[in-house]
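Working notes, structure below.
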Amino acid sequence: MAGRRYAILGTGAIGGFYGACLQRAGAEVHFLLRSDYETVRRDGLTIDSVGGDFRLPHVNAYRDVSEMPKCDVVVLALKTTQNYRLPKLLPSVLADDGVVLVLQNGLGVEDEVAEIVGGDRVVGGLCFICSNKVGPGHIRHLDYGPIALADYTPGYEPLGVTSRLEAIGTDFKQAGIEIQFHKDLLLARWKKLVWNIPFNGLSVVLDAKTDRLIFDADCRQAVESLMAEVVRGAAACDRTVPESFVSNMLTTTEKMNPYLTSMKLDYDAGRSLEVEAIVGNPLRIADRAGVRLPQIELLYRQLKFLDRTKQNVKKSKS
């Protein structure tokens, strides 16, 4: 692992799984937790995985970044709804020559991080994984697991595959994680949205798992229509998403184990939805480029309504 020290901000379904894999492979990993802190400090992390179950009885667990050492790679795996915390979290834990690896959904998330740590200290990562947290310190990895890595530059100009990208990728590969390198982070982000916008959004609006969305004829039509608009949004940013990529996303979902998306799980649990990062930001970026995406806009309004209603009910009960 070349001695790189990792921090995991957000020890949930994503950060907990990848962080545990890194530690199992020999990396020094430090985990920031909130509600799970006592359990993880006492019992460690448990991973149920299609690739083989394992348990880490002892992990470096913290509930405050002020207690954490400075780290070379800070893996940002918090929900984007928690990004208001980043100005207090990142400066405290990031080493002077360290980088932030952003493993968050949506578009424009690296820009938020760059405003805090500088544009030359950010790397983008896109996770293609079916994983849920099923209990305190207990993560269930259901399917897939690759990470697409792409370096960031302000303005999202393609930067190519840099040496620091290769170094981080090597660590993850040694941890058994498939890594794909991308030269263009903005294109990679739009490609991820081809799946994320329709499946995360519709899973909430239609109260459905991925299998129903892909195999029901009416749902499938809605999925494909939304995918086509994502492709138009990418084109508005001078990025081309090949038709073959869209077809592959549909085929991959057909083969996927029936799965509740992260947005659906958040909705069912009463947590705030990542509507802005996943749906709102792409919508606004396309609009600034003069391209309307009416079906995505309708989905956005529906999700905002459902999220607001759920949060109001939650507040009334508290």
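Letters A, B, ... mark the chains of the structure tokens in the order given; residue numbers begin at 1 per chain; ligand numbers begin at 1, in order shown.
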(Q) From a backbone DSSP assignment, name each residue in region 100-284 of chain A labelled strand (DSSP E), as a PyMOL selection string. (A) chain A and resi 100-102+122-135+138-151+179-181
Given the selection you just returned, output its residues as a file containing N, CA and C atoms, formatted as an mmCIF file, in the first residue's frame.
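Saved as part_3.cif:
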```cif
data_model
loop_
_atom_site.group_PDB
_atom_site.id
_atom_site.type_symbol
_atom_site.label_atom_id
_atom_site.label_comp_id
_atom_site.auth_asym_id
_atom_site.auth_seq_id
_atom_site.Cartn_x
_atom_site.Cartn_y
_atom_site.Cartn_z
ATOM 1 N N VAL A 100 -8.436 14.432 -1.610
ATOM 2 C CA VAL A 100 -9.771 13.957 -1.251
ATOM 3 C C VAL A 100 -10.313 13.141 -2.409
ATOM 4 N N LEU A 101 -10.673 11.899 -2.134
ATOM 5 C CA LEU A 101 -11.304 11.033 -3.130
ATOM 6 C C LEU A 101 -12.811 11.101 -2.902
ATOM 7 N N VAL A 102 -13.521 11.711 -3.842
ATOM 8 C CA VAL A 102 -14.956 11.961 -3.685
ATOM 9 C C VAL A 102 -15.745 10.774 -4.225
ATOM 10 N N VAL A 122 -8.195 17.210 -5.407
ATOM 11 C CA VAL A 122 -9.460 16.485 -5.500
ATOM 12 C C VAL A 122 -9.387 15.428 -6.593
ATOM 13 N N VAL A 123 -9.886 14.248 -6.283
ATOM 14 C CA VAL A 123 -10.004 13.150 -7.241
ATOM 15 C C VAL A 123 -11.447 12.663 -7.206
ATOM 16 N N GLY A 124 -12.009 12.349 -8.362
ATOM 17 C CA GLY A 124 -13.377 11.864 -8.428
ATOM 18 C C GLY A 124 -13.435 10.345 -8.504
ATOM 19 N N GLY A 125 -14.434 9.787 -7.842
ATOM 20 C CA GLY A 125 -14.646 8.341 -7.891
ATOM 21 C C GLY A 125 -16.115 8.020 -8.032
ATOM 22 N N LEU A 126 -16.428 7.067 -8.892
ATOM 23 C CA LEU A 126 -17.819 6.668 -9.113
ATOM 24 C C LEU A 126 -17.942 5.188 -8.806
ATOM 25 N N CYS A 127 -18.814 4.868 -7.873
ATOM 26 C CA CYS A 127 -18.967 3.485 -7.404
ATOM 27 C C CYS A 127 -20.103 2.794 -8.137
ATOM 28 N N PHE A 128 -19.825 1.617 -8.623
ATOM 29 C CA PHE A 128 -20.847 0.784 -9.275
ATOM 30 C C PHE A 128 -21.027 -0.449 -8.400
ATOM 31 N N ILE A 129 -21.885 -0.313 -7.408
ATOM 32 C CA ILE A 129 -21.988 -1.327 -6.366
ATOM 33 C C ILE A 129 -23.405 -1.366 -5.817
ATOM 34 N N CYS A 130 -23.842 -2.543 -5.434
ATOM 35 C CA CYS A 130 -25.089 -2.722 -4.701
ATOM 36 C C CYS A 130 -24.702 -3.106 -3.275
ATOM 37 N N SER A 131 -24.871 -2.188 -2.359
ATOM 38 C CA SER A 131 -24.426 -2.400 -0.992
ATOM 39 C C SER A 131 -25.340 -1.636 -0.044
ATOM 40 N N ASN A 132 -25.680 -2.238 1.091
ATOM 41 C CA ASN A 132 -26.540 -1.609 2.089
ATOM 42 C C ASN A 132 -25.944 -1.773 3.477
ATOM 43 N N LYS A 133 -26.205 -0.818 4.336
ATOM 44 C CA LYS A 133 -25.887 -0.992 5.750
ATOM 45 C C LYS A 133 -27.111 -1.602 6.415
ATOM 46 N N VAL A 134 -26.941 -2.765 7.022
ATOM 47 C CA VAL A 134 -28.088 -3.492 7.583
ATOM 48 C C VAL A 134 -28.138 -3.409 9.099
ATOM 49 N N GLY A 135 -27.124 -2.819 9.697
ATOM 50 C CA GLY A 135 -27.083 -2.657 11.141
ATOM 51 C C GLY A 135 -25.839 -1.876 11.514
ATOM 52 N N HIS A 138 -22.446 -3.073 10.301
ATOM 53 C CA HIS A 138 -22.755 -4.301 9.555
ATOM 54 C C HIS A 138 -23.208 -3.922 8.135
ATOM 55 N N ILE A 139 -22.420 -4.322 7.143
ATOM 56 C CA ILE A 139 -22.665 -3.936 5.755
ATOM 57 C C ILE A 139 -22.871 -5.179 4.906
ATOM 58 N N ARG A 140 -23.874 -5.129 4.065
ATOM 59 C CA ARG A 140 -24.166 -6.245 3.160
ATOM 60 C C ARG A 140 -23.883 -5.820 1.726
ATOM 61 N N HIS A 141 -22.898 -6.450 1.118
ATOM 62 C CA HIS A 141 -22.506 -6.193 -0.272
ATOM 63 C C HIS A 141 -23.209 -7.219 -1.147
ATOM 64 N N LEU A 142 -24.145 -6.763 -1.976
ATOM 65 C CA LEU A 142 -25.019 -7.655 -2.732
ATOM 66 C C LEU A 142 -24.500 -7.977 -4.129
ATOM 67 N N ASP A 143 -23.860 -7.011 -4.776
ATOM 68 C CA ASP A 143 -23.486 -7.210 -6.179
ATOM 69 C C ASP A 143 -22.500 -6.127 -6.621
ATOM 70 N N TYR A 144 -21.739 -6.448 -7.655
ATOM 71 C CA TYR A 144 -20.810 -5.512 -8.292
ATOM 72 C C TYR A 144 -19.812 -4.935 -7.281
ATOM 73 N N GLY A 145 -19.169 -3.806 -7.601
ATOM 74 C CA GLY A 145 -18.183 -3.234 -6.713
ATOM 75 C C GLY A 145 -17.102 -2.391 -7.348
ATOM 76 N N PRO A 146 -17.008 -2.310 -8.690
ATOM 77 C CA PRO A 146 -15.946 -1.506 -9.310
ATOM 78 C C PRO A 146 -16.054 -0.021 -8.971
ATOM 79 N N ILE A 147 -14.909 0.649 -9.013
ATOM 80 C CA ILE A 147 -14.854 2.103 -8.872
ATOM 81 C C ILE A 147 -14.209 2.674 -10.128
ATOM 82 N N ALA A 148 -14.836 3.692 -10.694
ATOM 83 C CA ALA A 148 -14.248 4.429 -11.809
ATOM 84 C C ALA A 148 -13.553 5.659 -11.230
ATOM 85 N N LEU A 149 -12.264 5.785 -11.478
ATOM 86 C CA LEU A 149 -11.482 6.911 -10.972
ATOM 87 C C LEU A 149 -11.146 7.883 -12.099
ATOM 88 N N ALA A 150 -11.268 9.170 -11.799
ATOM 89 C CA ALA A 150 -10.900 10.205 -12.768
ATOM 90 C C ALA A 150 -10.418 11.422 -11.998
ATOM 91 N N ASP A 151 -9.328 12.020 -12.461
ATOM 92 C CA ASP A 151 -8.788 13.177 -11.770
ATOM 93 C C ASP A 151 -9.615 14.418 -12.083
ATOM 94 N N ILE A 179 -10.808 -1.554 -10.557
ATOM 95 C CA ILE A 179 -10.655 -0.126 -10.815
ATOM 96 C C ILE A 179 -10.655 0.133 -12.323
ATOM 97 N N GLN A 180 -11.421 1.150 -12.705
ATOM 98 C CA GLN A 180 -11.438 1.602 -14.094
ATOM 99 C C GLN A 180 -10.970 3.056 -14.108
ATOM 100 N N PHE A 181 -9.974 3.366 -14.932
ATOM 101 C CA PHE A 181 -9.468 4.726 -15.029
ATOM 102 C C PHE A 181 -10.166 5.463 -16.166
#
```
Q | Residue neighbourhood Ala61 (chain A), 7 Å, only C-alpha atoms, exclusion window fewer than 3 positions, as number ranges by chain | A | A: 30-33, 37, 40-41
Q. Between A:Asp120, A:Asp268, A:Glu254, A:Glu276, which is the closest to Leu107 (chain A) once you count only C-alpha atoms?
A. A:Glu276
Q | Shortest interatomic distance to Leu185 (chain A) - which of A:Gly106, A:Met256, A:Ala217, A:Val231, counting only C-alpha atoms | A |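 Of A:Gly106, A:Met256, A:Ala217, A:Val231, the one nearest Leu185 (chain A) is A:Gly106, counting only C-alpha atoms.
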Q) What is the CA of Leu273 (chain A) to CA of Ile285 (chain A) distance in Å? A)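 Value for the CA of Leu273 (chain A)-CA of Ile285 (chain A) distance: 19.6 Å.
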Q | Pick from A:Asp218, A:Asn257, A:Leu265, A:Arg308 nearest to Val50 (chain A), counting only C-alpha atoms | A |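 The answer is A:Asn257, which sits nearest to Val50 (chain A).
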Q: Give me the residues within 8 Å of Ile296 (chain A) as a PyMOL selection string, counting only C-alpha atoms and dropping any in the same chain fewer than 6 places off.
A: chain A and resi 197+226+229+279+283
Q: List the neighbours of Cys71 (chain A) out to 12 Å using only C-alpha atoms; skip same-chain residues closer than 6 positions along the sequence, and give me the result as a list in words.
A: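 Those residues are Gly3, Arg4, Arg5, Tyr6, Ala7, Ile8, Leu9, Ala27, Glu28, Val29, His30, Phe31, Val65, Leu90, Pro91, Ser92, Val93, Leu94, Ala95, Asp96, Asp97, Gly98, Val99, Val100 and Leu101 of chain A.
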For the selection just defined, write its residues with C-alpha atoms to a file, as a short mmCIF file (atom, residue, chain, number, x, y, z; two decimals), in the first residue's frame.
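What ended up in part_36.cif:
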```cif
data_model
loop_
_atom_site.label_atom_id
_atom_site.label_comp_id
_atom_site.auth_asym_id
_atom_site.auth_seq_id
_atom_site.Cartn_x
_atom_site.Cartn_y
_atom_site.Cartn_z
CA GLY A 3 2.38 3.60 3.29
CA ARG A 4 -0.60 5.74 2.32
CA ARG A 5 -2.89 6.50 5.24
CA TYR A 6 -6.63 6.53 4.49
CA ALA A 7 -9.51 8.31 6.23
CA ILE A 8 -13.10 7.23 5.63
CA LEU A 9 -15.63 10.02 6.12
CA ALA A 27 -3.73 -0.36 4.55
CA GLU A 28 -3.83 1.97 7.54
CA VAL A 29 -7.45 3.14 7.63
CA HIS A 30 -9.22 5.54 10.02
CA PHE A 31 -13.03 5.58 10.15
CA VAL A 65 -12.18 14.46 13.10
CA LEU A 90 -11.84 18.18 5.60
CA PRO A 91 -9.20 20.68 6.78
CA SER A 92 -8.80 18.82 10.05
CA VAL A 93 -8.04 15.38 8.59
CA LEU A 94 -6.38 16.09 5.22
CA ALA A 95 -2.57 15.91 5.16
CA ASP A 96 -0.68 18.87 3.71
CA ASP A 97 0.02 16.97 0.48
CA GLY A 98 -3.08 14.78 0.68
CA VAL A 99 -6.04 14.43 -1.69
CA VAL A 100 -9.77 13.96 -1.25
CA LEU A 101 -11.30 11.03 -3.13
#
```
Q: Taking the DSSP assignment computed from this structure's backbone, write out as a PyMOL selection string all residues of region 160-227 of chain A that belong to alpha helix (DSSP H).
A: chain A and resi 163-174+185-205+210-215+217-227
Q. If we count only C-alpha atoms, what is near Lys183 (chain A) at a cut-off of 7 Å, once residues fewer than 3 positions away on the same chain are taken out, given as a VMD selection string?
A. chain A and resid 150 158 to 161
Q) Hey, which of A:Tyr18, A:Tyr62, A:Phe54, A:Phe199 ends up closest to Leu76 (chain A)? Count only C-alpha atoms. A) A:Tyr18
Q. Pick from A:Cys219, A:Gln174, A:Lys255, A:Asp72: nearest to Asp207 (chain A), with only C-alpha atoms counted?
A.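 Comparing A:Cys219, A:Gln174, A:Lys255, A:Asp72 against Asp207 (chain A), the winner is A:Cys219.
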**Q.** From A:Val113, A:Leu298, A:Ile214, A:Val59, residue lying nearest Thr251 (chain A) [only C-alpha atoms]
**A.**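 The shortest atom-to-atom distance to Thr251 (chain A) comes from A:Ile214.
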Q) Quick one: distance from CA of Lys304 (chain A) to CA of Gln104 (chain A) in Å, one decimal? A) 19.6 Å
Q: Find the residues around Ala235 (chain A) up to 12 Å (only C-alpha atoms counted), leave out those fewer than 2 positions away in its own chain, and share them as a list in words.
A: Leu186, Leu187, Trp190, Lys191, Ala228, Glu229, Val230, Val231, Arg232, Gly233, Cys237, Asp238, Arg239, Thr240, Val241, Pro242, Pro282, Ile285, Ala286, Ala289, Gly290, Val291, Arg292 and Leu293 of chain A
Please produce a file of those selected residues containing C-alpha atoms, as an mmCIF file, in the first residue's frame.
```
data_model
loop_
_atom_site.group_PDB
_atom_site.id
_atom_site.type_symbol
_atom_site.label_atom_id
_atom_site.label_comp_id
_atom_site.auth_asym_id
_atom_site.auth_seq_id
_atom_site.Cartn_x
_atom_site.Cartn_y
_atom_site.Cartn_z
ATOM 1 C CA LEU A 186 -17.289 15.103 -16.353
ATOM 2 C CA LEU A 187 -18.120 12.433 -18.944
ATOM 3 C CA TRP A 190 -22.815 12.027 -16.803
ATOM 4 C CA LYS A 191 -22.486 8.324 -17.598
ATOM 5 C CA ALA A 228 -32.321 9.683 -23.239
ATOM 6 C CA GLU A 229 -32.653 13.053 -21.504
ATOM 7 C CA VAL A 230 -29.485 12.411 -19.476
ATOM 8 C CA VAL A 231 -27.681 11.799 -22.766
ATOM 9 C CA ARG A 232 -29.032 15.152 -24.023
ATOM 10 C CA GLY A 233 -27.804 16.824 -20.840
ATOM 11 C CA CYS A 237 -21.800 19.937 -21.847
ATOM 12 C CA ASP A 238 -20.034 18.735 -25.004
ATOM 13 C CA ARG A 239 -19.869 15.175 -23.729
ATOM 14 C CA THR A 240 -21.053 12.221 -25.797
ATOM 15 C CA VAL A 241 -22.567 9.180 -24.088
ATOM 16 C CA PRO A 242 -22.572 6.333 -26.633
ATOM 17 C CA PRO A 282 -27.673 18.145 -13.818
ATOM 18 C CA ILE A 285 -26.313 22.694 -15.673
ATOM 19 C CA ALA A 286 -28.230 21.647 -18.791
ATOM 20 C CA ALA A 289 -26.434 25.487 -21.541
ATOM 21 C CA GLY A 290 -29.840 26.213 -23.087
ATOM 22 C CA VAL A 291 -31.169 22.625 -23.018
ATOM 23 C CA ARG A 292 -34.492 21.754 -21.352
ATOM 24 C CA LEU A 293 -34.946 18.310 -19.861
#
```
